[in-house]
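K.L.:
This is the content of start_12.cif (mmCIF, C-alpha atoms):
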data_upload
loop_
_atom_site.label_atom_id
_atom_site.label_comp_id
_atom_site.auth_asym_id
_atom_site.auth_seq_id
_atom_site.Cartn_x
_atom_site.Cartn_y
_atom_site.Cartn_z
CA MET A 95 -5.74 -34.55 -62.08
CA ARG A 96 -2.95 -32.67 -60.35
CA LEU A 97 -3.27 -29.74 -62.75
CA ARG A 98 -6.99 -29.42 -61.99
CA ALA A 99 -6.32 -29.46 -58.23
CA GLU A 100 -3.64 -26.79 -58.59
CA ALA A 101 -5.91 -24.71 -60.82
CA SER A 102 -8.77 -24.88 -58.32
CA ASN A 103 -6.45 -23.97 -55.44
CA PHE A 104 -5.19 -21.01 -57.45
CA LYS A 105 -8.74 -19.84 -58.11
CA VAL A 106 -9.65 -19.81 -54.40
CA GLY A 107 -6.70 -17.56 -53.59
CA GLN A 108 -3.76 -19.89 -53.15
CA THR A 109 -0.54 -19.97 -55.09
CA LEU A 110 0.82 -23.12 -56.65
CA LYS A 111 3.13 -23.54 -53.63
CA GLY A 112 0.15 -23.79 -51.32
CA GLU A 113 0.46 -20.41 -49.61
CA VAL A 114 -2.66 -18.33 -49.38
CA VAL A 115 -2.16 -15.06 -51.23
CA THR A 116 -4.68 -13.12 -49.16
CA ASP A 117 -2.94 -14.11 -45.91
CA THR A 118 0.37 -12.59 -47.02
CA VAL A 119 -1.38 -9.40 -48.11
CA VAL A 120 -3.03 -9.04 -44.69
CA ALA A 121 -0.25 -10.56 -42.58
CA ARG A 122 2.63 -8.35 -43.70
CA PRO A 123 1.11 -5.02 -42.60
CA LEU A 124 -0.18 -6.65 -39.42
CA VAL A 125 3.25 -8.06 -38.54
CA THR A 126 4.85 -4.73 -39.41
CA ILE A 127 2.46 -2.87 -37.10
CA MET A 128 3.05 -5.40 -34.33
CA MET A 129 6.82 -4.97 -34.67
CA MET A 130 6.47 -1.19 -34.66
CA VAL A 131 4.44 -1.33 -31.44
CA PHE A 132 6.90 -3.74 -29.81
CA PHE A 133 10.02 -1.74 -30.68
CA SER A 134 8.43 1.61 -29.83
CA GLY A 135 7.55 0.09 -26.44
CA LEU A 136 11.18 -0.90 -26.01
CA ALA A 137 12.28 2.60 -26.94
CA LEU A 138 9.91 4.10 -24.39
CA ASP A 139 11.11 1.57 -21.83
CA ILE A 140 14.58 3.04 -22.26
CA ALA A 141 13.72 6.70 -22.87
CA VAL A 142 11.34 7.30 -19.95
CA PRO A 143 13.70 6.09 -17.19
CA ALA A 144 16.56 7.96 -18.86
CA MET A 145 14.56 11.19 -18.79
CA VAL A 146 13.52 10.63 -15.16
CA LEU A 147 17.12 9.97 -14.12
CA THR A 148 18.27 13.06 -16.02
CA VAL A 149 15.71 15.24 -14.23
CA MET A 150 16.65 13.71 -10.87
CA ALA A 151 20.36 14.31 -11.46
CA THR A 152 19.70 17.88 -12.56
CA LEU A 153 17.60 18.61 -9.49
CA LYS A 154 20.24 17.08 -7.21
CA TRP A 155 22.92 19.23 -8.82
CA LEU A 156 20.76 22.35 -8.46
CA VAL A 157 20.07 21.64 -4.79
CA GLU A 158 23.74 20.99 -4.03
CA ASN A 159 24.98 24.09 -5.89
CA TRP A 160 22.18 26.54 -5.06
CA PRO A 161 23.53 29.26 -2.80
CA ALA A 162 21.89 29.35 0.61
CA ALA A 163 20.49 32.65 1.87
CA ASN A 164 23.06 32.94 4.68
CA ASP A 165 26.06 32.02 2.52
CA LEU A 166 26.10 35.24 0.51
CA PRO A 167 29.41 37.16 0.61
CA PHE A 168 27.93 40.44 1.86
CA ASP A 169 26.29 38.66 4.81
CA GLN A 170 29.63 37.21 5.88
CA LYS A 171 31.32 40.62 5.71
CA ALA A 172 28.57 42.22 7.75
CA GLU A 173 28.96 39.62 10.49
CA THR A 174 32.73 40.02 10.77
CA ALA A 175 32.74 43.82 10.71
#
Write the structure described by the file as structure tokens, please.
P.N.:
Amino acid sequence: MRLRAEASNFKVGQTLKGEVVTDTVVARPLVTIMMMVFFSGLALDIAVPAMVLTVMATLKWLVENWPAANDLPFDQKAETA
């Protein structure tokens, strides 16, 4: 009786342990895709703010170190002469 039940379960797509074979075939790629989306979202969550902060720091450095029009050396000499 048990052998017939196991044989019928196997015919409808289940293994002898009771796991459905078709579910593992479909579930593995689906879980893999879900993990890829999740971890790529985490990577973007880190990368986008890092890029924004890098651009902000670069612009701040440029503004602080950009020579002003009146601070040129030849302008200072012309004023003192």
K.L.:
One number please: CA of Met145 in chain A to CA of Val157 in chain A, in Å, one decimal.
P.N.:
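CA of Val157 in chain A lies at a distance of 18.3 Å from CA of Met145 in chain A.
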K.L.:
Adding 5 Å on each side of the box along x, y and z that holds all listed atoms of range 118-136 of chain A, could you give its centre and edge lengths in Å to one decimal, as JSON?
P.N.:
{"center_x": 4.1, "center_y": -5.5, "center_z": -37.1, "size_x": 24.2, "size_y": 24.2, "size_z": 32.1}
K.L.:
How far is it from CA of Met130 in chain A to CA of Val146 in chain A, in Å with one decimal?
P.N.:
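CA of Val146 in chain A lies 23.9 Å from CA of Met130 in chain A.
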K.L.:
What is the CA of Ala137 in chain A to CA of Val120 in chain A distance in Å?
P.N.:
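If I compute the distance from CA of Ala137 in chain A to CA of Val120 in chain A, I get 26.2 Å.
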